[in-house]
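Coordinates as given in input32.cif (mmCIF, C-alpha atoms):
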```
data_coords
#
loop_
_atom_site.label_atom_id
_atom_site.label_comp_id
_atom_site.auth_asym_id
_atom_site.auth_seq_id
_atom_site.Cartn_x
_atom_site.Cartn_y
_atom_site.Cartn_z
CA MET A 9 10.72 -142.19 -7.51
CA VAL A 10 13.75 -140.66 -9.20
CA PRO A 11 12.75 -137.78 -11.52
CA GLU A 12 13.35 -138.50 -15.21
CA GLU A 13 15.66 -135.49 -15.56
CA ALA A 14 17.78 -136.80 -12.69
CA LYS A 15 18.10 -140.17 -14.41
CA SER A 16 19.16 -138.69 -17.73
CA ASN A 17 21.36 -135.86 -16.45
CA PRO A 18 22.18 -136.15 -12.74
CA GLN A 19 24.92 -133.52 -12.73
CA PRO A 20 22.65 -130.43 -12.43
CA THR A 21 20.65 -132.06 -9.66
CA ILE A 22 23.74 -132.96 -7.65
CA ARG A 23 25.26 -129.54 -8.31
CA ASP A 24 22.13 -127.79 -7.09
CA LEU A 25 22.08 -129.91 -3.94
CA LEU A 26 25.71 -129.21 -3.17
CA TRP A 27 25.19 -125.46 -3.59
CA GLY A 28 22.12 -125.37 -1.36
CA PHE A 29 24.15 -123.67 1.37
CA ALA A 30 24.78 -120.72 -0.94
CA ILE A 31 21.09 -120.26 -1.71
CA SER A 32 20.22 -120.35 1.99
CA GLN A 33 22.78 -117.68 2.85
CA ALA A 34 21.86 -115.52 -0.13
CA VAL A 35 18.21 -115.49 0.93
CA TYR A 36 19.22 -114.79 4.53
CA VAL A 37 21.39 -111.81 3.58
CA ALA A 38 18.71 -110.37 1.30
CA ALA A 39 16.19 -110.72 4.13
CA LYS A 40 18.55 -109.20 6.69
CA LEU A 41 19.15 -106.21 4.39
CA THR A 42 15.33 -105.92 3.93
CA ILE A 43 15.77 -105.94 0.15
CA PHE A 44 12.22 -107.14 -0.39
CA ASP A 45 10.79 -104.37 1.79
CA PHE A 46 12.53 -101.76 -0.34
CA LEU A 47 11.03 -103.36 -3.45
CA GLY A 48 7.54 -103.06 -2.00
CA ASP A 49 6.74 -99.89 -3.91
CA GLY A 50 8.08 -101.10 -7.24
CA PRO A 51 11.19 -102.17 -9.19
CA LYS A 52 14.54 -100.57 -8.41
CA THR A 53 18.05 -100.63 -9.77
CA SER A 54 20.85 -102.22 -7.80
CA GLY A 55 22.23 -98.74 -7.24
CA GLU A 56 18.99 -97.51 -5.70
CA LEU A 57 18.84 -100.57 -3.47
CA ALA A 58 22.49 -100.21 -2.49
CA ASP A 59 21.86 -96.62 -1.42
CA SER A 60 18.81 -97.71 0.59
CA VAL A 61 20.53 -100.53 2.50
CA GLY A 62 24.08 -99.17 2.63
CA ALA A 63 25.61 -101.91 0.49
CA HIS A 64 28.47 -102.13 -2.01
CA GLU A 65 26.57 -101.78 -5.29
CA PRO A 66 28.57 -104.18 -7.52
CA SER A 67 28.39 -106.91 -4.86
CA LEU A 68 24.70 -106.34 -4.21
CA ARG A 69 23.96 -106.51 -7.93
CA ARG A 70 25.57 -109.95 -8.06
CA LEU A 71 23.46 -111.11 -5.11
CA LEU A 72 20.27 -109.83 -6.75
CA ARG A 73 21.18 -111.49 -10.02
CA ALA A 74 21.67 -114.83 -8.26
CA LEU A 75 18.27 -114.54 -6.58
CA THR A 76 16.60 -114.26 -9.99
CA THR A 77 17.56 -117.91 -10.56
CA VAL A 78 15.47 -119.15 -7.61
CA ASN A 79 12.24 -117.31 -8.45
CA LEU A 80 12.59 -114.59 -5.81
CA LEU A 81 13.46 -111.66 -8.08
CA ILE A 82 13.13 -110.77 -11.74
CA GLU A 83 15.42 -108.39 -13.62
CA ASP A 84 14.17 -106.25 -16.49
CA ASN A 85 16.19 -103.46 -18.10
CA GLY A 86 18.50 -103.21 -15.12
CA ARG A 87 15.70 -102.96 -12.57
CA PHE A 88 14.84 -105.66 -10.04
CA ALA A 89 11.36 -106.58 -8.80
CA ALA A 90 10.10 -109.19 -6.36
CA THR A 91 8.20 -112.19 -7.66
CA PRO A 92 5.03 -113.34 -5.83
CA MET A 93 7.22 -115.76 -3.88
CA GLY A 94 9.74 -113.03 -3.14
CA GLU A 95 6.94 -110.82 -1.83
CA GLN A 96 6.55 -113.29 1.04
CA LEU A 97 9.98 -112.18 2.28
CA ARG A 98 8.70 -108.68 2.97
CA SER A 99 8.48 -108.02 6.70
CA ASP A 100 4.96 -106.57 6.34
CA HIS A 101 3.50 -109.46 4.33
CA PRO A 102 0.56 -111.06 6.23
CA GLU A 103 2.19 -114.48 5.84
CA SER A 104 5.77 -113.25 5.92
CA TRP A 105 8.70 -115.63 5.80
CA HIS A 106 11.07 -112.78 6.66
CA PRO A 107 11.54 -113.61 10.37
CA PHE A 108 11.93 -117.29 9.54
CA ALA A 109 14.61 -116.50 6.95
CA LEU A 110 16.50 -114.60 9.64
CA GLY A 111 16.11 -117.49 12.08
CA VAL A 112 17.34 -120.11 9.62
CA GLY A 113 20.28 -118.22 8.16
CA TRP A 114 21.77 -116.46 11.18
CA PRO A 115 25.02 -117.77 12.69
CA VAL A 116 23.33 -119.21 15.80
CA ASN A 117 21.64 -121.78 13.55
CA TRP A 118 24.13 -121.82 10.68
CA ARG A 119 27.27 -122.70 12.64
CA PRO A 120 25.94 -125.93 14.19
CA TRP A 121 25.05 -127.21 10.73
CA GLY A 122 28.69 -126.78 9.83
CA GLU A 123 29.41 -129.47 12.43
CA LEU A 124 26.87 -131.99 11.14
CA GLU A 125 29.57 -134.63 10.72
CA LYS A 126 30.33 -134.58 14.45
CA THR A 127 26.67 -135.08 15.24
CA ILE A 128 26.41 -138.04 12.89
CA LEU A 129 29.53 -139.62 14.42
CA THR A 130 28.63 -139.00 18.07
CA GLY A 131 24.84 -138.70 18.19
CA LYS A 132 25.19 -135.47 20.19
CA PRO A 133 23.69 -132.13 19.11
CA ALA A 134 26.18 -129.97 17.25
CA PHE A 135 24.53 -126.91 18.81
CA ASP A 136 25.90 -127.86 22.24
CA GLN A 137 29.39 -128.37 20.82
CA VAL A 138 29.41 -125.02 18.99
CA HIS A 139 27.80 -122.84 21.65
CA GLY A 140 28.94 -124.67 24.79
CA ILE A 141 25.42 -125.07 26.21
CA SER A 142 22.16 -126.61 25.08
CA PHE A 143 19.68 -124.95 22.72
CA PHE A 144 17.13 -123.73 25.28
CA GLU A 145 19.81 -122.83 27.84
CA TYR A 146 21.40 -120.64 25.19
CA PHE A 147 18.21 -118.71 24.48
CA GLY A 148 17.54 -118.39 28.19
CA GLN A 149 20.86 -116.54 28.50
CA HIS A 150 20.66 -114.49 25.28
CA SER A 151 17.40 -112.58 25.22
CA GLU A 152 18.18 -110.72 21.99
CA ASN A 153 18.72 -114.00 20.16
CA ALA A 154 15.65 -115.51 21.82
CA ALA A 155 13.65 -112.68 20.25
CA VAL A 156 14.90 -113.69 16.78
CA PHE A 157 13.99 -117.33 17.45
CA ASN A 158 10.52 -116.44 18.78
CA ALA A 159 9.85 -114.18 15.80
CA ALA A 160 10.81 -117.02 13.45
CA MET A 161 8.40 -119.40 15.19
CA THR A 162 5.64 -116.79 15.08
CA SER A 163 6.11 -116.25 11.35
CA LEU A 164 5.83 -119.99 10.80
CA THR A 165 2.58 -120.03 12.76
CA ASN A 166 1.23 -117.11 10.73
CA VAL A 167 2.00 -119.04 7.55
CA ASP A 168 0.37 -122.22 8.93
CA LEU A 169 -2.69 -120.58 10.48
CA ARG A 170 -4.89 -120.37 7.39
CA ALA A 171 -4.47 -124.08 6.64
CA ILE A 172 -5.13 -125.05 10.26
CA LEU A 173 -8.33 -123.00 10.50
CA ALA A 174 -9.54 -124.22 7.11
CA THR A 175 -9.09 -127.85 8.12
CA TYR A 176 -9.97 -128.22 11.79
CA ASP A 177 -13.24 -127.17 13.48
CA PHE A 178 -12.63 -125.70 16.95
CA SER A 179 -16.28 -124.70 17.52
CA GLU A 180 -16.96 -127.52 20.01
CA PHE A 181 -14.38 -126.23 22.50
CA GLY A 182 -15.26 -123.69 25.16
CA THR A 183 -11.71 -123.29 26.46
CA ILE A 184 -8.63 -123.79 24.30
CA VAL A 185 -5.25 -124.30 26.00
CA ASP A 186 -2.11 -123.73 23.95
CA VAL A 187 0.79 -125.48 25.70
CA GLY A 188 4.18 -123.98 24.88
CA GLY A 189 2.35 -121.43 22.76
CA GLY A 190 5.08 -118.78 22.71
CA ASN A 191 3.75 -115.28 22.24
CA GLY A 192 0.26 -116.53 21.39
CA ALA A 193 0.01 -116.16 17.60
CA LEU A 194 -1.78 -119.48 17.08
CA LEU A 195 -4.17 -118.96 19.98
CA ARG A 196 -5.01 -115.44 18.86
CA GLY A 197 -5.83 -116.70 15.37
CA ILE A 198 -8.16 -119.37 16.73
CA LEU A 199 -9.88 -116.99 19.15
CA GLU A 200 -10.41 -114.45 16.39
CA ARG A 201 -12.16 -117.12 14.31
CA TYR A 202 -14.20 -118.45 17.27
CA PRO A 203 -15.43 -115.48 19.33
CA GLN A 204 -17.34 -117.70 21.77
CA ALA A 205 -14.16 -119.46 22.93
CA GLN A 206 -11.86 -118.69 25.84
CA GLY A 207 -8.11 -119.24 25.64
CA VAL A 208 -5.27 -120.14 27.97
CA LEU A 209 -1.68 -119.53 26.87
CA CYS A 210 0.81 -121.70 28.77
CA ASP A 211 4.54 -121.16 28.52
CA LEU A 212 7.47 -120.21 30.70
CA PRO A 213 6.87 -117.04 32.75
CA SER A 214 9.54 -115.17 30.79
CA VAL A 215 7.77 -116.07 27.54
CA VAL A 216 4.17 -115.23 28.44
CA ALA A 217 5.38 -111.95 29.93
CA ASN A 218 6.06 -110.93 26.32
CA ALA A 219 2.96 -112.43 24.71
CA TYR A 220 2.73 -109.59 22.21
CA ALA A 221 0.41 -111.51 19.88
CA ILE A 222 -2.23 -111.46 22.65
CA ARG A 223 -1.66 -108.25 24.57
CA ASN A 224 -3.57 -105.16 23.46
CA THR A 225 -5.63 -107.13 20.93
CA ALA A 226 -9.34 -107.83 20.65
CA VAL A 227 -8.89 -111.32 22.14
CA GLU A 228 -6.92 -110.29 25.23
CA ALA A 229 -10.01 -110.20 27.46
CA ARG A 230 -10.77 -113.82 26.52
CA CYS A 231 -7.26 -115.15 27.05
CA LYS A 232 -5.53 -116.08 30.29
CA LEU A 233 -1.73 -116.03 30.36
CA VAL A 234 -0.20 -118.71 32.58
CA GLY A 235 3.51 -118.94 33.32
CA VAL A 236 4.32 -122.61 33.78
CA ASP A 237 6.98 -125.22 33.07
CA MET A 238 5.21 -127.86 30.96
CA PHE A 239 7.54 -130.53 32.37
CA GLN A 240 6.09 -129.81 35.81
CA SER A 241 2.43 -129.08 35.13
CA VAL A 242 -0.10 -127.80 32.61
CA SER A 243 -3.00 -125.45 33.29
CA ALA A 244 -6.29 -127.22 34.03
CA GLY A 245 -9.72 -126.29 32.71
CA GLY A 246 -9.31 -126.76 28.97
CA ASP A 247 -11.52 -128.65 26.55
CA VAL A 248 -8.71 -129.02 24.05
CA TYR A 249 -4.95 -128.96 24.58
CA ILE A 250 -2.77 -127.89 21.67
CA LEU A 251 0.92 -128.65 21.25
CA LYS A 252 2.25 -126.93 18.13
CA GLN A 253 5.80 -127.80 17.11
CA ILE A 254 6.54 -128.90 20.69
CA LEU A 255 7.16 -132.63 20.86
CA HIS A 256 9.78 -132.64 18.11
CA ASP A 257 12.07 -130.63 20.41
CA TRP A 258 12.31 -133.51 22.87
CA ASN A 259 13.29 -137.16 23.12
CA ASP A 260 10.62 -139.79 23.78
CA ASP A 261 10.86 -139.73 27.58
CA GLU A 262 10.58 -135.94 27.66
CA ALA A 263 7.73 -135.91 25.14
CA ILE A 264 5.84 -138.49 27.19
CA GLN A 265 6.27 -136.37 30.32
CA ILE A 266 4.68 -133.38 28.57
CA LEU A 267 1.83 -135.55 27.32
CA ARG A 268 1.27 -137.08 30.75
CA ASN A 269 1.01 -133.62 32.28
CA CYS A 270 -1.68 -132.83 29.73
CA ARG A 271 -3.39 -136.14 30.53
CA GLN A 272 -3.55 -135.28 34.23
CA VAL A 273 -5.71 -132.21 33.62
CA ILE A 274 -7.65 -132.99 30.45
CA PRO A 275 -11.35 -133.79 31.02
CA ALA A 276 -12.96 -137.02 29.81
CA HIS A 277 -14.56 -135.18 26.88
CA GLY A 278 -11.36 -133.30 26.01
CA LYS A 279 -9.07 -133.61 23.02
CA LEU A 280 -5.33 -133.34 22.46
CA LEU A 281 -3.98 -131.84 19.25
CA HIS A 282 -0.36 -132.05 18.22
CA ILE A 283 0.27 -129.74 15.26
CA GLY A 284 3.50 -130.25 13.39
CA GLU A 285 5.20 -132.71 11.10
CA VAL A 286 4.52 -136.42 10.62
CA LEU A 287 7.20 -138.35 8.78
CA LYS A 288 6.10 -140.24 5.69
CA PRO A 289 7.31 -143.85 5.63
CA SER A 290 7.97 -143.90 1.88
CA ASN A 291 10.70 -142.37 -0.27
CA GLU A 292 8.47 -139.58 -1.58
CA PRO A 293 9.56 -135.96 -1.08
CA ASP A 294 9.10 -135.08 2.57
CA PHE A 295 10.46 -131.87 4.06
CA ALA A 296 9.83 -133.30 7.54
CA LYS A 297 12.88 -135.53 7.07
CA TRP A 298 15.05 -132.43 6.78
CA LEU A 299 13.42 -130.93 9.86
CA ASP A 300 14.17 -134.21 11.61
CA LEU A 301 17.83 -133.74 10.76
CA ASN A 302 17.58 -130.17 12.08
CA MET A 303 16.34 -131.54 15.40
CA LEU A 304 19.36 -133.84 15.48
CA VAL A 305 21.75 -130.93 14.90
CA LEU A 306 20.14 -128.52 17.34
CA LEU A 307 18.39 -130.56 20.03
CA THR A 308 17.76 -134.05 21.37
CA GLY A 309 14.35 -134.32 19.71
CA ARG A 310 13.08 -135.77 16.47
CA GLU A 311 10.22 -135.79 14.00
CA ARG A 312 8.02 -138.89 14.21
CA THR A 313 5.95 -141.23 12.07
CA GLU A 314 2.27 -141.86 12.66
CA ALA A 315 3.16 -145.18 14.30
CA GLU A 316 5.56 -143.42 16.67
CA PHE A 317 2.89 -140.86 17.61
CA LEU A 318 0.49 -143.74 18.21
CA GLU A 319 2.95 -145.28 20.67
CA LEU A 320 3.71 -141.95 22.40
CA TYR A 321 0.03 -141.20 22.87
CA ALA A 322 -0.74 -144.66 24.21
CA THR A 323 2.13 -144.55 26.71
CA ALA A 324 0.89 -141.20 28.02
CA GLY A 325 -2.77 -142.26 28.33
CA PHE A 326 -4.24 -141.09 25.03
CA ARG A 327 -5.76 -142.85 22.05
CA LEU A 328 -4.82 -141.47 18.65
CA THR A 329 -8.08 -140.82 16.81
CA ARG A 330 -7.18 -138.96 13.63
CA VAL A 331 -4.19 -137.79 11.61
CA ILE A 332 -5.30 -134.78 9.60
CA SER A 333 -3.31 -133.24 6.77
CA THR A 334 -3.91 -129.50 6.44
CA GLY A 335 -1.79 -128.94 3.36
CA GLY A 336 0.71 -127.42 5.79
CA PRO A 337 1.35 -128.96 9.21
CA THR A 338 -0.34 -132.20 10.22
CA ILE A 339 -2.76 -132.42 13.15
CA VAL A 340 -2.48 -135.56 15.29
CA GLU A 341 -5.68 -135.76 17.34
CA GLY A 342 -6.06 -137.82 20.49
CA ILE A 343 -8.52 -138.42 23.31
CA PRO A 344 -7.89 -139.50 26.92
CA VAL A 345 -8.37 -143.16 27.81
#
```
Represent the structure from my file as structure tokens, please.
Amino acid sequence: MVPEEAKSNPQPTIRDLLWGFAISQAVYVAAKLTIFDFLGDGPKTSGELADSVGAHEPSLRRLLRALTTVNLLIEDNGRFAATPMGEQLRSDHPESWHPFALGVGWPVNWRPWGELEKTILTGKPAFDQVHGISFFEYFGQHSENAAVFNAAMTSLTNVDLRAILATYDFSEFGTIVDVGGGNGALLRGILERYPQAQGVLCDLPSVVANAYAIRNTAVEARCKLVGVDMFQSVSAGGDVYILKQILHDWNDDEAIQILRNCRQVIPAHGKLLHIGEVLKPSNEPDFAKWLDLNMLVLLTGRERTEAEFLELYATAGFRLTRVISTGGPTIVEGIPV
């Protein structure tokens, strides 16, 4: 449905859409300069902030002023303070968006979006054209950039975790396997909530070697770290297999291969959980459709509808049992058949 204000006065809506790139970069720069961290102990003038971050004060003041228009900062008597939404861009916030802001706005991600037209015309990821190699090859060769990407994914998991735990009951599972689980943030959160459970973190050897969300924590003794290529095999012994934000990275054939590897080891009583986005079939607002476009720009994957998940699961030997909205990501539950 078209909003009434858009019908009566479309110009502001179109203008705001066209200037979306500026908002994204403004938030990125503010996050990179840790502006919101410096505001953690109270309001500051642009001069005080400029001294703290080493910025040109008149230019920084203009950036701060612009951010007041998108509910991240407020200005009062020449002093700037973070709004509740802006507070979430502090690096020490428990559900911080700071690493994700860095991952979205940095040139590694930003430059391919500048070549969106080529992707639409050719069907090939702009990332490959800009960087000369594919997305995961790039991060395999650039460890410092891989760290930024992994931190962004971890921050997204930290934001999602509360909704996941509030919605889905993991108490029936003795052993929880997180496939492609990165540094283990999701698995740690589940194990902290369910102290009777054991965990298995599966990812590439180079990834689990740096599983900092698990190492030296209270759950480390209950969590096994397994270096594995999920296209080759998946660790056996789990009662539930979790794939969070995994299948959207891959085309259908690749996604089915991952699912089939899970099917080979999952017990008859086991469950499969895909946690991520499910495209809505209607015209209602749906951020997943923008993430789907992001997959087109960066990778060969895609976001999927419920019907497409149903088909993927069936092809790989699973029956889709439930699609559960958490208020954040959606859980697509399946059982082996």
**OP:** Starting from the displayed file, determine the output of the PyMOL selection byres ((chain A and resi 100-110) around 12) and express the residue list as a ChimeraX atom specification.
**Re:** /A:31-48,92-99,111-118,153,155-171
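Residues captured in this structure file are Ala244, Asp247, Val248, Tyr249, Ile250, Leu251, Lys252, Arg268, Asn269, Cys270, Ile283, Ile339, Val340, Glu341, Gly342 and Ile343 of chain A, according to the PyMOL selection byres ((chain A and resi 271-282) around 6).
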**OP:** Just say which residues the PyMOL selection byres ((chain A and resi 176) around 12) picks in this file, as a list in words.
**Re:** Leu169, Arg170, Ala171, Ile172, Leu173, Ala174, Thr175, Asp177, Phe178, Ser179, Glu180, Phe181, Ile198, Arg201, Tyr202, Leu281, Ile283, Arg330, Val331, Ile332, Ser333, Thr334, Gly335, Pro337, Thr338, Ile339, Val340 and Glu341 of chain A
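In this structure, atom CA of A:Trp258 sits 9.4 Å away from atom CA of A:Glu311.
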Subject >> Contacts of A:Arg73 at 9 Å (all atoms listed in the file; same-chain gap of 5+ positions) as an NGL selection string >> reply: :A and (68 or 81-83 or 88)
Subject >> Between atom CA of A:Ser142 and atom CA of A:Glu125 - distance in Å to one decimal >> reply: 18.0 Å
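Counting all atoms listed in the file, the residue from A:Gly245, A:Gly284, A:Gly148, A:Pro120 that sits nearest to A:Phe135 is A:Pro120.
The interatomic distance for the pair atom CA of A:Glu319 and atom CA of A:Val286 works out to 13.5 Å.
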Quick one: axis-aligned box around all listed atoms of stretch 138-149 of chain A, 5 Å on every side, centre and edge lengths in Å to one decimal, written as JSON.
```
{"center_x": 23.3, "center_y": -121.6, "center_z": 23.7, "size_x": 22.3, "size_y": 20.1, "size_z": 19.5}
```
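Between A:Ile128 and the residues A:Gly188, A:Glu56, A:Leu301, A:Pro344, the shortest atom-to-atom distance, using all atoms listed in the file, involves A:Leu301.
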Original post:
Looking at only C-alpha atoms, which of A:Met238, A:Val138, A:Met303, A:Ala154 is the one that sits closest to A:Asn218?
Top reply: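 That would be A:Ala154, the residue with the smallest distance to A:Asn218.
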Original post:
Neighbours of A:Glu145 within 10 Å (all atoms listed in the file; same-chain residues fewer than 5 positions away dropped), as a list of chain:residue names?
Top reply: A:Asp136, A:Gly140, A:His150
Hey, could you patch up stretch 93-114 of chain A with N, CA and C atoms and hand it over as a compact mmCIF listing (two decimals), in the frame of the given file?
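Here's the written file rebuild-v7.txt:
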```
# COMPACT_ATOMS: atom_id res chain seq x y z
N MET A 93 6.56 -115.04 -4.96
CA MET A 93 7.22 -115.76 -3.88
C MET A 93 8.14 -114.84 -3.11
N GLY A 94 8.87 -113.98 -3.81
CA GLY A 94 9.74 -113.03 -3.14
C GLY A 94 8.98 -112.07 -2.25
N GLU A 95 7.75 -111.72 -2.64
CA GLU A 95 6.94 -110.82 -1.83
C GLU A 95 6.75 -111.36 -0.42
N GLN A 96 6.76 -112.69 -0.28
CA GLN A 96 6.55 -113.29 1.04
C GLN A 96 7.74 -113.06 1.97
N LEU A 97 8.83 -112.52 1.45
CA LEU A 97 9.98 -112.18 2.28
C LEU A 97 9.96 -110.72 2.73
N ARG A 98 8.88 -110.00 2.40
CA ARG A 98 8.70 -108.68 2.97
C ARG A 98 8.29 -108.81 4.44
N SER A 99 8.79 -107.93 5.27
CA SER A 99 8.48 -108.02 6.70
C SER A 99 7.03 -107.69 7.00
N ASP A 100 6.35 -106.96 6.10
CA ASP A 100 4.96 -106.57 6.34
C ASP A 100 3.96 -107.47 5.61
N HIS A 101 4.42 -108.53 5.00
CA HIS A 101 3.50 -109.46 4.33
C HIS A 101 2.69 -110.20 5.39
N PRO A 102 1.37 -110.40 5.19
CA PRO A 102 0.56 -111.06 6.23
C PRO A 102 1.00 -112.49 6.54
N GLU A 103 1.64 -113.14 5.59
CA GLU A 103 2.19 -114.48 5.84
C GLU A 103 3.69 -114.45 5.55
N SER A 104 4.36 -113.53 6.21
CA SER A 104 5.77 -113.25 5.92
C SER A 104 6.69 -114.38 6.36
N TRP A 105 7.62 -114.71 5.47
CA TRP A 105 8.70 -115.63 5.80
C TRP A 105 9.96 -114.89 6.26
N HIS A 106 9.88 -113.58 6.33
CA HIS A 106 11.07 -112.78 6.66
C HIS A 106 11.69 -113.17 8.00
N PRO A 107 10.92 -113.22 9.10
CA PRO A 107 11.54 -113.61 10.37
C PRO A 107 12.10 -115.03 10.35
N PHE A 108 11.44 -115.92 9.60
CA PHE A 108 11.93 -117.29 9.54
C PHE A 108 13.23 -117.36 8.76
N ALA A 109 13.35 -116.56 7.70
CA ALA A 109 14.61 -116.50 6.95
C ALA A 109 15.75 -116.04 7.84
N LEU A 110 15.47 -115.06 8.71
CA LEU A 110 16.50 -114.60 9.64
C LEU A 110 16.86 -115.69 10.64
N GLY A 111 15.86 -116.44 11.10
CA GLY A 111 16.11 -117.49 12.08
C GLY A 111 16.85 -118.69 11.52
N VAL A 112 16.66 -118.98 10.25
CA VAL A 112 17.34 -120.11 9.62
C VAL A 112 18.77 -119.76 9.24
N GLY A 113 18.99 -118.56 8.72
CA GLY A 113 20.28 -118.22 8.16
C GLY A 113 21.28 -117.60 9.10
N TRP A 114 20.84 -117.16 10.29
CA TRP A 114 21.77 -116.46 11.18
C TRP A 114 22.80 -117.43 11.77
```
